[in-house]
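Data file: target39.cif. Format and content: mmCIF, C-alpha atoms.
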```cif
data_data
#
loop_
_atom_site.label_atom_id
_atom_site.label_comp_id
_atom_site.auth_asym_id
_atom_site.auth_seq_id
_atom_site.Cartn_x
_atom_site.Cartn_y
_atom_site.Cartn_z
CA MET A 1341 19.94 -41.90 8.44
CA THR A 1342 22.71 -40.43 6.36
CA GLY A 1343 21.93 -36.75 5.82
CA VAL A 1344 22.72 -33.72 7.95
CA ILE A 1345 19.05 -32.89 8.40
CA PRO A 1346 17.64 -34.79 11.38
CA ILE A 1347 14.21 -36.42 11.09
CA LEU A 1348 12.33 -36.83 14.35
CA ARG A 1349 9.32 -38.98 15.00
CA MET A 1350 6.62 -37.69 17.33
CA GLY A 1351 3.93 -40.35 17.56
CA ASP A 1352 2.58 -40.71 14.06
CA VAL A 1353 4.12 -37.51 12.78
CA LEU A 1354 7.54 -37.05 11.24
CA LEU A 1355 9.17 -33.73 11.97
CA THR A 1356 12.14 -32.22 10.15
CA THR A 1357 13.72 -28.83 10.48
CA VAL A 1358 15.65 -27.67 7.46
CA HIS A 1359 18.33 -25.35 8.72
CA VAL A 1360 20.98 -25.69 6.03
CA GLU A 1361 20.73 -24.92 2.35
CA LEU A 1362 19.29 -27.84 0.44
CA ARG A 1363 22.02 -28.32 -2.14
CA ASP A 1364 22.61 -31.35 -4.34
CA ALA A 1365 23.85 -34.10 -2.02
CA VAL A 1366 22.14 -32.62 1.04
CA ALA A 1367 18.83 -32.35 -0.79
CA GLU A 1368 19.03 -35.89 -2.12
CA ALA A 1369 19.98 -37.32 1.28
CA PHE A 1370 17.12 -35.37 2.85
CA GLN A 1371 14.60 -36.71 0.36
CA SER A 1372 15.70 -40.33 0.68
CA ASP A 1373 15.91 -40.10 4.49
CA VAL A 1374 12.33 -38.91 4.65
CA LEU A 1375 11.06 -41.60 2.28
CA LEU A 1376 13.03 -44.37 4.01
CA ALA A 1377 11.63 -43.27 7.37
CA LEU A 1378 8.13 -43.48 5.89
CA GLU A 1379 8.86 -46.88 4.41
CA LYS A 1380 10.08 -48.21 7.76
CA ARG A 1381 6.98 -47.08 9.62
CA ARG A 1382 3.92 -45.38 8.27
CA ALA A 1383 3.38 -41.81 9.44
CA ARG A 1384 0.18 -39.85 9.34
CA GLY A 1385 1.89 -36.60 8.59
CA LEU A 1386 5.20 -35.02 7.69
CA ILE A 1387 6.05 -31.53 8.87
CA ILE A 1388 8.89 -29.68 7.19
CA ASP A 1389 9.88 -26.59 9.14
CA ILE A 1390 11.72 -24.05 6.96
CA SER A 1391 11.60 -21.07 9.31
CA GLY A 1392 15.40 -21.25 9.47
CA LEU A 1393 15.84 -20.73 5.75
CA ASP A 1394 16.66 -17.23 4.55
CA MET A 1395 16.53 -18.17 0.94
CA VAL A 1396 14.52 -20.67 -1.06
CA ASP A 1397 15.13 -20.78 -4.79
CA THR A 1398 13.20 -22.80 -7.36
CA TYR A 1399 15.53 -25.76 -6.92
CA VAL A 1400 14.88 -25.96 -3.18
CA ALA A 1401 11.17 -25.28 -3.73
CA ARG A 1402 11.03 -28.12 -6.23
CA ILE A 1403 12.80 -30.53 -3.84
CA LEU A 1404 10.36 -29.63 -1.07
CA ALA A 1405 7.26 -29.90 -3.27
CA GLU A 1406 8.47 -33.19 -4.76
CA THR A 1407 9.21 -34.66 -1.36
CA GLY A 1408 5.67 -33.69 -0.38
CA ARG A 1409 4.18 -35.41 -3.41
CA MET A 1410 6.31 -38.53 -2.91
CA ALA A 1411 5.20 -38.71 0.73
CA MET A 1412 1.61 -38.32 -0.45
CA LEU A 1413 2.05 -41.43 -2.63
CA MET A 1414 3.07 -43.28 0.50
CA GLY A 1415 -0.05 -42.08 2.30
CA THR A 1416 1.47 -39.25 4.27
CA LYS A 1417 0.31 -35.64 4.26
CA THR A 1418 2.99 -32.99 4.15
CA VAL A 1419 2.74 -29.60 5.81
CA LEU A 1420 5.32 -26.96 5.04
CA VAL A 1421 5.61 -24.54 7.98
CA GLY A 1422 7.36 -21.27 8.77
CA MET A 1423 7.98 -19.86 5.32
CA ARG A 1424 9.17 -16.27 5.47
CA PRO A 1425 7.10 -13.55 3.77
CA GLU A 1426 9.82 -12.50 1.35
CA ILE A 1427 10.37 -16.09 0.29
CA ALA A 1428 6.65 -16.58 -0.37
CA ALA A 1429 6.58 -13.41 -2.47
CA THR A 1430 9.61 -14.46 -4.50
CA LEU A 1431 8.36 -17.98 -5.15
CA VAL A 1432 4.95 -16.79 -6.31
CA ARG A 1433 6.53 -14.17 -8.57
CA MET A 1434 8.57 -16.91 -10.16
CA GLY A 1435 5.37 -18.83 -10.72
CA TYR A 1436 6.06 -21.38 -8.03
CA GLU A 1437 2.98 -21.96 -5.92
CA MET A 1438 3.84 -25.34 -4.37
CA ARG A 1439 0.48 -26.88 -5.16
CA GLY A 1440 -0.16 -30.21 -3.48
CA VAL A 1441 1.63 -29.32 -0.26
CA HIS A 1442 -0.23 -28.03 2.78
CA THR A 1443 1.10 -24.97 4.53
CA ALA A 1444 0.92 -23.53 8.04
CA LEU A 1445 2.27 -20.52 9.88
CA ASP A 1446 4.38 -22.42 12.42
CA LEU A 1447 4.94 -25.83 13.98
CA ASP A 1448 1.94 -25.67 16.34
CA GLU A 1449 -0.34 -24.69 13.50
CA GLY A 1450 1.11 -27.46 11.37
CA LEU A 1451 0.38 -30.11 14.02
CA GLU A 1452 -3.12 -28.72 14.47
CA LEU A 1453 -3.72 -28.81 10.74
CA LEU A 1454 -2.62 -32.47 10.56
CA GLN A 1455 -5.18 -33.35 13.22
CA LYS A 1456 -7.91 -31.70 11.15
CA LEU A 1457 -7.04 -33.19 7.78
CA PRO A 1458 -8.92 -36.36 6.94
CA ALA A 1459 -6.70 -39.45 7.28
CA GLY A 1460 -5.74 -41.17 4.10
CA MET B 691 25.57 19.01 6.03
CA THR B 692 23.01 17.10 4.03
CA TYR B 693 24.42 18.05 0.63
CA ARG B 694 27.61 16.11 1.45
CA ARG B 695 25.93 12.75 0.91
CA TYR B 696 25.19 13.75 -2.69
CA MET B 697 28.91 13.24 -3.27
CA ALA B 698 28.12 9.54 -2.90
CA THR B 699 24.81 9.72 -4.81
CA LEU B 700 26.51 11.36 -7.77
CA LYS B 701 29.47 8.99 -7.33
CA ILE B 702 31.97 11.82 -7.25
CA ASP B 703 35.46 10.60 -6.51
CA ASP B 704 38.86 11.69 -7.78
CA ALA B 705 38.41 9.86 -11.09
CA GLU B 706 34.95 11.35 -11.65
CA LEU B 707 36.24 14.81 -10.80
CA ARG B 708 39.04 14.42 -13.35
CA SER B 709 36.64 13.17 -15.99
CA ARG B 710 34.19 16.03 -15.41
CA ARG B 711 37.02 18.55 -15.55
CA ALA B 712 38.38 17.00 -18.73
CA PHE B 713 34.97 17.16 -20.37
CA CYS B 714 34.65 20.86 -19.55
CA GLU B 715 38.27 21.24 -20.74
CA LEU B 716 39.10 22.95 -17.49
CA THR B 717 42.89 22.78 -17.29
CA ASP B 718 45.38 23.78 -14.61
CA GLU B 719 46.40 26.70 -16.85
CA ASP B 720 42.79 27.89 -16.78
CA LEU B 721 42.82 27.76 -12.99
CA ALA B 722 46.08 29.73 -12.88
CA LEU B 723 44.62 32.27 -15.26
CA LEU B 724 41.54 32.63 -13.09
CA ARG B 725 43.73 33.12 -10.02
CA SER B 726 45.53 35.95 -11.82
CA LEU B 727 42.16 37.62 -12.42
CA ARG B 728 41.42 37.76 -8.70
CA PRO B 729 42.15 41.54 -8.43
CA PHE B 730 39.71 42.17 -11.30
CA ALA B 731 37.08 40.06 -9.55
CA GLU B 732 37.57 41.74 -6.20
CA LYS B 733 37.17 45.15 -7.77
CA HIS B 734 33.85 44.23 -9.39
CA THR B 735 32.26 41.78 -6.95
CA SER B 736 29.89 44.22 -5.27
CA GLU B 737 28.82 45.86 -8.50
CA PHE B 738 28.18 42.52 -10.29
CA VAL B 739 26.31 41.00 -7.39
CA ASP B 740 24.14 44.10 -7.07
CA LYS B 741 23.27 43.99 -10.77
CA PHE B 742 22.65 40.26 -10.51
CA TYR B 743 20.07 40.81 -7.78
CA GLU B 744 18.54 43.73 -9.65
CA LEU B 745 17.58 41.20 -12.31
CA LEU B 746 16.31 38.66 -9.80
CA LEU B 747 14.25 41.25 -7.94
CA SER B 748 12.78 42.71 -11.12
CA HIS B 749 11.21 39.42 -12.06
CA GLU B 750 8.14 38.09 -10.29
CA HIS B 751 9.15 34.40 -10.40
CA THR B 752 12.47 35.02 -8.70
CA ARG B 753 11.43 37.95 -6.50
CA LYS B 754 9.36 35.76 -4.20
CA PHE B 755 12.50 33.99 -2.94
CA PHE B 756 13.69 37.20 -1.33
CA PRO B 757 10.90 38.37 0.95
CA ASP B 758 12.80 41.00 2.98
CA ALA B 759 15.91 43.16 3.11
CA GLY B 760 17.56 40.83 5.64
CA THR B 761 17.33 37.88 3.28
CA ILE B 762 18.68 39.95 0.40
CA ALA B 763 21.66 41.13 2.44
CA ARG B 764 22.39 37.56 3.50
CA VAL B 765 22.16 36.03 0.02
CA LYS B 766 24.22 38.86 -1.44
CA LYS B 767 26.99 38.05 0.99
CA THR B 768 26.87 34.35 0.03
CA GLN B 769 26.77 35.32 -3.62
CA ARG B 770 29.86 37.54 -3.29
CA GLU B 771 31.73 34.62 -1.73
CA TYR B 772 30.54 32.32 -4.47
CA PHE B 773 31.54 34.76 -7.17
CA LEU B 774 35.05 35.22 -5.74
CA GLY B 775 35.32 31.44 -5.41
CA LEU B 776 35.42 31.21 -9.20
CA PHE B 777 38.75 33.04 -9.05
CA ASP B 778 40.31 30.93 -6.29
CA GLY B 779 42.09 28.92 -8.93
CA ARG B 780 41.37 25.60 -7.28
CA CYS B 781 39.09 22.81 -8.34
CA ASP B 782 39.38 19.98 -5.81
CA MET B 783 36.95 17.86 -3.83
CA ASN B 784 36.29 20.68 -1.36
CA TYR B 785 35.38 22.96 -4.22
CA VAL B 786 32.97 20.35 -5.65
CA GLU B 787 31.41 19.70 -2.25
CA ASP B 788 30.77 23.38 -1.89
CA ARG B 789 29.10 23.48 -5.32
CA LEU B 790 26.71 20.67 -4.44
CA ARG B 791 25.11 22.96 -1.90
CA VAL B 792 23.80 25.14 -4.71
CA GLY B 793 21.72 22.38 -6.29
CA THR B 794 20.35 21.03 -3.01
CA THR B 795 19.42 24.51 -1.80
CA HIS B 796 17.57 25.29 -5.03
CA GLU B 797 15.69 22.02 -4.82
CA ARG B 798 14.75 22.65 -1.20
CA ILE B 799 13.42 26.17 -1.79
CA GLY B 800 11.80 25.17 -5.09
CA LEU B 801 13.87 27.34 -7.42
CA ALA B 802 13.62 25.70 -10.83
CA PRO B 803 16.71 25.35 -13.09
CA THR B 804 14.96 27.76 -15.49
CA TRP B 805 15.73 30.68 -13.20
CA TYR B 806 19.10 29.43 -12.05
CA LEU B 807 20.40 29.05 -15.61
CA GLY B 808 18.78 32.27 -16.75
CA ALA B 809 20.32 34.18 -13.88
CA TYR B 810 23.75 32.68 -14.46
CA ARG B 811 23.65 34.14 -17.93
CA LYS B 812 23.59 37.57 -16.28
CA TYR B 813 26.97 36.89 -14.64
CA LEU B 814 28.49 35.82 -17.91
CA ASP B 815 27.14 38.99 -19.52
CA LEU B 816 28.61 41.19 -16.83
CA LEU B 817 31.94 39.37 -16.89
CA HIS B 818 32.14 39.54 -20.64
CA THR B 819 31.53 43.28 -20.70
CA GLY B 820 33.92 43.88 -17.80
CA LEU B 821 36.76 41.78 -19.17
CA PHE B 822 36.64 43.24 -22.67
CA ALA B 823 36.46 46.78 -21.30
CA GLU B 824 39.57 46.39 -19.14
CA LEU B 825 41.85 43.92 -20.90
CA PRO B 826 43.32 43.71 -24.39
CA VAL B 827 41.07 41.62 -26.65
CA LYS B 828 43.32 38.56 -26.72
CA GLU B 829 43.72 38.36 -22.95
CA ALA B 830 40.06 39.13 -22.37
CA SER B 831 39.04 36.38 -24.72
CA ALA B 832 41.35 33.82 -23.01
CA ALA B 833 40.08 34.90 -19.60
CA PHE B 834 36.48 34.57 -20.68
CA SER B 835 37.09 31.05 -22.04
CA ALA B 836 38.60 29.97 -18.73
CA LEU B 837 35.61 31.46 -16.92
CA GLU B 838 33.15 29.71 -19.19
CA ARG B 839 34.82 26.39 -18.44
CA ILE B 840 34.66 26.70 -14.68
CA VAL B 841 31.12 28.12 -14.85
CA PHE B 842 29.83 25.20 -16.89
CA PHE B 843 31.68 22.82 -14.59
CA ASP B 844 29.79 24.43 -11.69
CA VAL B 845 26.46 24.47 -13.47
CA THR B 846 26.56 20.77 -14.40
CA LEU B 847 27.26 19.92 -10.76
CA ALA B 848 24.44 22.14 -9.55
CA ILE B 849 21.96 20.66 -12.03
CA ASP B 850 23.02 17.08 -11.29
CA THR B 851 22.54 17.68 -7.59
CA TYR B 852 19.23 19.39 -8.22
CA ILE B 853 17.99 16.35 -10.14
CA ALA B 854 19.31 13.91 -7.52
CA ALA B 855 17.68 15.87 -4.70
CA ASN B 856 14.46 16.13 -6.68
CA ARG B 857 14.42 12.38 -7.28
CA GLU B 858 14.89 11.80 -3.60
CA THR B 859 11.95 14.07 -2.77
CA ILE B 860 9.74 12.23 -5.25
CA GLY B 861 10.90 8.92 -3.79
CA ARG B 862 9.93 10.06 -0.30
CA HIS B 863 6.49 11.13 -1.47
CA GLN B 864 5.97 7.84 -3.27
CA ALA B 865 6.99 5.90 -0.18
CA ALA B 866 4.51 7.91 1.92
CA LEU B 867 1.76 7.30 -0.64
CA ARG B 868 2.51 3.61 -0.80
CA GLU B 869 2.30 3.33 2.94
CA LEU B 870 -1.08 5.05 2.91
CA SER B 871 -2.29 2.86 0.07
CA THR B 872 -2.05 -0.46 1.96
CA PRO B 873 -3.61 -0.02 5.37
CA VAL B 874 -3.69 -3.53 6.81
CA ILE B 875 -5.96 -3.53 9.85
CA ARG B 876 -6.29 -6.19 12.51
CA VAL B 877 -10.05 -6.68 12.94
CA HIS B 878 -9.96 -9.60 15.34
CA ASP B 879 -7.52 -12.13 16.75
CA ARG B 880 -5.61 -13.48 13.77
CA ILE B 881 -7.90 -11.81 11.23
CA LEU B 882 -6.59 -8.97 9.08
CA LEU B 883 -8.45 -6.64 6.77
CA LEU B 884 -7.10 -4.71 3.81
CA PRO B 885 -9.58 -2.28 2.30
CA LEU B 886 -8.31 -1.29 -1.14
CA VAL B 887 -9.32 2.07 -2.54
CA GLY B 888 -8.25 3.50 -5.89
CA ALA B 889 -6.57 2.13 -8.96
CA ILE B 890 -4.00 -0.66 -8.65
CA ASP B 891 -0.94 -0.50 -10.87
CA SER B 892 1.88 -3.02 -10.93
CA VAL B 893 3.99 -1.17 -8.36
CA ARG B 894 1.06 -0.97 -5.97
CA ALA B 895 0.18 -4.62 -6.58
CA GLN B 896 3.69 -5.60 -5.54
CA GLN B 897 3.49 -3.34 -2.50
CA ILE B 898 0.18 -4.94 -1.56
CA MET B 899 1.65 -8.42 -1.70
CA ASP B 900 4.72 -7.50 0.34
CA THR B 901 2.73 -5.67 3.01
CA VAL B 902 0.11 -8.38 3.29
CA LEU B 903 2.73 -11.13 3.70
CA LEU B 904 4.73 -9.16 6.21
CA ARG B 905 1.70 -8.36 8.34
CA ILE B 906 0.46 -11.94 8.25
CA ALA B 907 3.82 -13.13 9.55
CA GLU B 908 3.93 -10.39 12.20
CA GLU B 909 0.39 -10.95 13.45
CA LYS B 910 0.45 -14.71 12.95
CA ALA B 911 -2.81 -14.19 11.12
CA LYS B 912 -4.97 -17.07 10.00
CA CYS B 913 -6.68 -15.15 7.26
CA ILE B 914 -6.79 -11.82 5.51
CA ILE B 915 -9.85 -10.19 4.04
CA ILE B 916 -9.12 -8.05 1.00
CA ASP B 917 -12.02 -5.75 0.21
CA ILE B 918 -11.95 -4.41 -3.33
CA ALA B 919 -15.21 -2.45 -3.21
CA GLY B 920 -13.21 0.75 -3.64
CA VAL B 921 -11.20 -0.38 -6.66
CA PRO B 922 -12.72 1.26 -9.74
CA VAL B 923 -11.37 -1.08 -12.40
CA VAL B 924 -10.53 -4.75 -12.02
CA ASP B 925 -8.74 -5.90 -15.14
CA THR B 926 -6.66 -9.01 -15.85
CA LYS B 927 -3.59 -7.46 -14.26
CA VAL B 928 -5.35 -6.58 -11.03
CA ALA B 929 -7.08 -9.96 -10.88
CA ASP B 930 -3.79 -11.71 -11.58
CA SER B 931 -2.01 -9.81 -8.82
CA LEU B 932 -4.77 -10.79 -6.39
CA VAL B 933 -4.43 -14.43 -7.43
CA LYS B 934 -0.66 -14.22 -6.87
CA THR B 935 -1.11 -12.62 -3.47
CA THR B 936 -3.51 -15.41 -2.53
CA ALA B 937 -0.97 -18.04 -3.57
CA ALA B 938 1.78 -16.38 -1.52
CA VAL B 939 -0.53 -16.02 1.48
CA ARG B 940 -1.22 -19.74 1.25
CA LEU B 941 2.52 -20.48 1.31
CA LEU B 942 2.65 -18.77 4.68
CA GLY B 943 -0.17 -21.00 5.87
CA ALA B 944 -2.96 -18.43 5.87
CA GLN B 945 -6.04 -17.86 3.71
CA THR B 946 -7.34 -14.99 1.64
CA ILE B 947 -10.94 -13.86 1.45
CA LEU B 948 -11.81 -11.46 -1.34
CA THR B 949 -14.86 -9.30 -0.70
CA GLY B 950 -16.57 -6.31 -2.24
CA ILE B 951 -17.07 -7.96 -5.60
CA SER B 952 -19.69 -6.00 -7.45
CA ALA B 953 -21.84 -7.36 -10.26
CA GLN B 954 -19.66 -5.51 -12.74
CA VAL B 955 -16.44 -6.95 -11.33
CA ALA B 956 -17.88 -10.47 -11.25
CA ARG B 957 -18.86 -10.10 -14.88
CA THR B 958 -15.41 -8.78 -15.84
CA ILE B 959 -13.54 -11.53 -14.04
CA VAL B 960 -15.56 -14.27 -15.69
CA GLN B 961 -15.41 -12.65 -19.12
CA LEU B 962 -11.65 -12.17 -18.82
CA GLY B 963 -11.35 -15.83 -17.95
CA VAL B 964 -9.30 -15.25 -14.80
CA ASP B 965 -9.20 -18.31 -12.59
CA ILE B 966 -9.87 -17.18 -9.06
CA SER B 967 -11.05 -20.53 -7.77
CA THR B 968 -8.18 -20.58 -5.28
CA MET B 969 -9.75 -17.67 -3.37
CA HIS B 970 -12.76 -17.40 -1.16
CA THR B 971 -14.81 -14.69 -2.82
CA LEU B 972 -17.83 -12.92 -1.42
CA ALA B 973 -19.96 -9.97 -2.38
CA ARG B 974 -20.00 -8.13 0.90
CA LEU B 975 -17.43 -7.38 3.60
CA GLN B 976 -19.85 -8.51 6.31
CA GLU B 977 -19.95 -12.01 4.85
CA GLY B 978 -16.18 -11.95 4.60
CA ILE B 979 -15.85 -11.20 8.30
CA GLU B 980 -18.30 -14.01 9.13
CA LEU B 981 -16.31 -16.46 7.01
CA ALA B 982 -13.04 -15.30 8.57
CA LEU B 983 -14.44 -15.84 12.05
CA ASP B 984 -15.60 -19.28 10.99
CA LEU B 985 -12.06 -20.09 9.79
CA VAL B 986 -10.63 -19.26 13.22
CA GLY B 987 -13.42 -21.21 14.92
CA LYS B 988 -15.60 -18.36 16.11
CA LYS B 989 -18.95 -16.92 15.20
CA ILE B 990 -21.12 -13.91 15.76
CA GLU B 991 -24.20 -14.74 17.79
CA GLU B 992 -27.18 -12.69 18.76
CA LYS B 993 -27.49 -11.97 22.46
CA ARG B 994 -29.50 -14.57 24.29
CA SER B 995 -31.96 -12.02 25.70
CA ALA B 996 -32.64 -10.73 22.23
CA SER B 997 -33.33 -14.17 20.83
CA ALA B 998 -35.45 -15.01 23.88
CA ARG B 999 -37.56 -11.95 23.21
CA GLY B 1000 -37.76 -13.04 19.60
CA ASP B 1001 -39.03 -16.43 20.68
CA ALA B 1002 -41.61 -14.88 22.97
CA GLY B 1003 -42.85 -12.58 20.23
#
```

Just give me the structure of the file as structure tokens.
Amino acid sequence: MTGVIPILRMGDVLLTTVHVELRDAVAEAFQSDVLLALEKRRARGLIIDISGLDMVDTYVARILAETGRMAMLMGTKTVLVGMRPEIAATLVRMGYEMRGVHTALDLDEGLELLQKLPAG
Amino acid sequence: MTYRRYMATLKIDDAELRSRRAFCELTDEDLALLRSLRPFAEKHTSEFVDKFYELLLSHEHTRKFFPDAGTIARVKKTQREYFLGLFDGRCDMNYVEDRLRVGTTHERIGLAPTWYLGAYRKYLDLLHTGLFAELPVKEASAAFSALERIVFFDVTLAIDTYIAANRETIGRHQAALRELSTPVIRVHDRILLLPLVGAIDSVRAQQIMDTVLLRIAEEKAKCIIIDIAGVPVVDTKVADSLVKTTAAVRLLGAQTILTGISAQVARTIVQLGVDISTMHTLARLQEGIELALDLVGKKIEEKRSASARGDAG
């Protein structure tokens, strides 16, 4: 692990909390950390908690959505949790709907959703 | 002193004051000249103010602002002070602040600029007559020019403040209307309902999205039912805003159910080619509530006794 964003493993679920702005090096390290963790040991789901982020621009949104799609290729479902209302409004107005990533209100909901989604 | 904050709204600082003065060509010499006319002003104040109110009271639009003798006596006193203020020979921030009160007061009592400007003309008339009757033509003419400058300086401030205050009033009304236009109701645990009534323009569409998202986060809602039975026209813009709201709701981790879709609306949406496949859509609110309950893992059941009776019969 090289990045500043810690990635925790809870059973077959990877859990990360993004609490710093995902900029260039940080974003890249985050993405590769997640993928390397998945490569090392398969996980059923990946939960990215962004409730600590005040601002998400298209760059960050793209990094998050891409990470989700990459994880999907490795057989892991991604759930984005804790997005703030104003961020959701801004992203949608900019035409960014983050298709292909699951979403949930908070961490608990995210874990619950992972249980419900069909494995694969 | 509510009118004070209009100093900030109108961005009046020393530089702005200088620029406004320069534009009205109100010089220090003018102010000195006005100060020298103070005895003339003091002699005529009462007479001018009385004549000024004669005009106001003789006209039905302006008369209604002065319902009784007490009010008239009070405003006449204020007016005398105002009138003499023109001859103080000062034009600083305090003077400007004092002038802002005129505009805000007019806005508050609903006195339109029509009457304010029309009435001001009366003062200029009276001053013109008075000055030319008492002073040699050259001096009278110079004095009147100086007066014109400070009067227009005053009037622009009053009108600017009137407009700013008016804008604020409109803003307040719009905010109140907006709040009334998006009543998000909690119908059950984690289920919200937004009944939409009336036309949806782009401002309202934005308001709808913001309110819906905020309430979902606050209530930790699992789904929101938007009932559009009361929306008269659903065009591409409205449909598009609903699609956007649905997408944003999904980003929060909740779902949107759109109900109240009439035959006409269904036809329009399909004919317009709007893709609303991302939404759950239903014809009636009742079905929407049933679906919402299903999404949170609940359902409405008939009472056992009732079904037992049904079985027996």

**Message:** Excluding range 819-828 of chain B and its own-chain neighbours fewer than 4 positions away, which residues fall within 10 Å of it when counting all atoms listed in the file? Please give them as a PyMOL selection string.
**Reply:** chain B and resi 727+730-731+734+738+813-815+832-834

For the residues in that selection, give me C-alpha atoms as a compact mmCIF listing (two decimals), in the frame of the given file.
```txt
# COMPACT_ATOMS: atom_id res chain seq x y z
CA LEU B 727 42.16 37.62 -12.42
CA PHE B 730 39.71 42.17 -11.30
CA ALA B 731 37.08 40.06 -9.55
CA HIS B 734 33.85 44.23 -9.39
CA PHE B 738 28.18 42.52 -10.29
CA TYR B 813 26.97 36.89 -14.64
CA LEU B 814 28.49 35.82 -17.91
CA ASP B 815 27.14 38.99 -19.52
CA ALA B 832 41.35 33.82 -23.01
CA ALA B 833 40.08 34.90 -19.60
CA PHE B 834 36.48 34.57 -20.68
```

**Message:** List as a list in words the residues having at least one atom at most 9 Å from position (-5.6, -32.0, 7.0) as given in the file, counting all atoms listed in the file.
**Reply:**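 The requested residues, written out, are Gly1385, Lys1417, Val1419, His1442, Glu1452, Leu1453, Leu1454, Gln1455, Lys1456, Leu1457, Pro1458 and Ala1459 of chain A.
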
**Message:** Applying 10 Å and only C-alpha atoms, which residues near Glu1379 in chain A remain after dropping the ones on its own chain fewer than 5 positions away? List them as a ChimeraX atom specification.
**Reply:** /A:1373-1374,1411,1414

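Close contacts of range 1428-1439 of chain A, defined as residues with an atom at most 9 Å away when counting only C-alpha atoms, with chain neighbours fewer than 3 positions off set aside, comprise Val1396, Asp1397, Thr1398, Ala1401, Arg1402, Leu1404, Ala1405, Met1423, Arg1424, Pro1425 and His1442 of chain A; Gln896, Met899, Asp900, Leu903, Lys934, Thr935, Ala937, Ala938, Val939, Arg940, Leu941 and Leu942 of chain B.
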
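The space separating CA of Glu732 in chain B from CA of Ala848 in chain B comes to 23.8 Å.
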
**the PyMOL selection byres ((chain B and resi 928) around 10) applied to the shown file, residues as a list in words** =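 Answer for the PyMOL selection byres ((chain B and resi 928) around 10): Ala889, Ile890, Asp891, Ser892, Arg894, Ala895, Val921, Val923, Val924, Asp925, Thr926, Lys927, Ala929, Asp930, Ser931, Leu932, Val933 and Lys934 of chain B.
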
**Item:** For CA of Arg728 in chain B and CA of Leu817 in chain B, the interatomic separation in Å (one decimal)
**Value:**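 Distance reported for this atom pair: 12.6 Å.
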
**Prompt:** Which residue out of B:Val960, B:Ala919, B:Ala907, B:Lys993 has the minimum interatomic distance to chain A when only C-alpha atoms are used?
**Reply:**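 Closest to chain A, using only C-alpha atoms: B:Ala907.
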
**Fill in**
If you count all atoms listed in the file, the residue of A:Glu1426, A:Glu1406, A:Asp1389, A:Asp1448 closest to chain B turns out to be A:Glu1426

**Asked** Hey, what comes out of the PyMOL selection byres ((chain B and resi 875-880) around 6) on this file? Could you write it as number ranges by chain?
**Response** B: 874, 881-883, 911-912

Missing atoms in range 1429-1437 of chain A: fill them in up to N, CA, C and O atoms and send the result as a PDB file, keeping the file's coordinate frame.
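Dumped to out_19.pdb:
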```pdb
ATOM      1  N   ALA A1429       6.761 -14.378  -1.382  1.00  0.00           N
ATOM      2  CA  ALA A1429       6.580 -13.410  -2.470  1.00  0.00           C
ATOM      3  C   ALA A1429       7.441 -13.778  -3.664  1.00  0.00           C
ATOM      4  O   ALA A1429       6.977 -13.780  -4.808  1.00  0.00           O
ATOM      5  N   THR A1430       8.704 -14.119  -3.402  1.00  0.00           N
ATOM      6  CA  THR A1430       9.610 -14.460  -4.500  1.00  0.00           C
ATOM      7  C   THR A1430       9.137 -15.699  -5.246  1.00  0.00           C
ATOM      8  O   THR A1430       9.089 -15.707  -6.478  1.00  0.00           O
ATOM      9  N   LEU A1431       8.777 -16.737  -4.499  1.00  0.00           N
ATOM     10  CA  LEU A1431       8.360 -17.980  -5.150  1.00  0.00           C
ATOM     11  C   LEU A1431       7.149 -17.755  -6.041  1.00  0.00           C
ATOM     12  O   LEU A1431       7.102 -18.225  -7.180  1.00  0.00           O
ATOM     13  N   VAL A1432       6.165 -17.012  -5.524  1.00  0.00           N
ATOM     14  CA  VAL A1432       4.950 -16.790  -6.310  1.00  0.00           C
ATOM     15  C   VAL A1432       5.256 -15.969  -7.554  1.00  0.00           C
ATOM     16  O   VAL A1432       4.746 -16.220  -8.637  1.00  0.00           O
ATOM     17  N   ARG A1433       6.162 -14.977  -7.406  1.00  0.00           N
ATOM     18  CA  ARG A1433       6.530 -14.170  -8.570  1.00  0.00           C
ATOM     19  C   ARG A1433       7.224 -15.000  -9.627  1.00  0.00           C
ATOM     20  O   ARG A1433       7.127 -14.722 -10.817  1.00  0.00           O
ATOM     21  N   MET A1434       7.905 -16.049  -9.183  1.00  0.00           N
ATOM     22  CA  MET A1434       8.570 -16.910 -10.160  1.00  0.00           C
ATOM     23  C   MET A1434       7.618 -17.992 -10.663  1.00  0.00           C
ATOM     24  O   MET A1434       8.033 -18.894 -11.387  1.00  0.00           O
ATOM     25  N   GLY A1435       6.371 -17.890 -10.238  1.00  0.00           N
ATOM     26  CA  GLY A1435       5.370 -18.830 -10.720  1.00  0.00           C
ATOM     27  C   GLY A1435       5.370 -20.147  -9.976  1.00  0.00           C
ATOM     28  O   GLY A1435       4.857 -21.147 -10.464  1.00  0.00           O
ATOM     29  N   TYR A1436       5.977 -20.150  -8.803  1.00  0.00           N
ATOM     30  CA  TYR A1436       6.060 -21.380  -8.030  1.00  0.00           C
ATOM     31  C   TYR A1436       5.086 -21.333  -6.862  1.00  0.00           C
ATOM     32  O   TYR A1436       5.301 -20.634  -5.892  1.00  0.00           O
ATOM     33  N   GLU A1437       4.000 -22.067  -6.963  1.00  0.00           N
ATOM     34  CA  GLU A1437       2.980 -21.960  -5.920  1.00  0.00           C
ATOM     35  C   GLU A1437       2.923 -23.162  -4.992  1.00  0.00           C
ATOM     36  O   GLU A1437       2.104 -23.227  -4.092  1.00  0.00           O
TER      37      GLU A1437
END
```
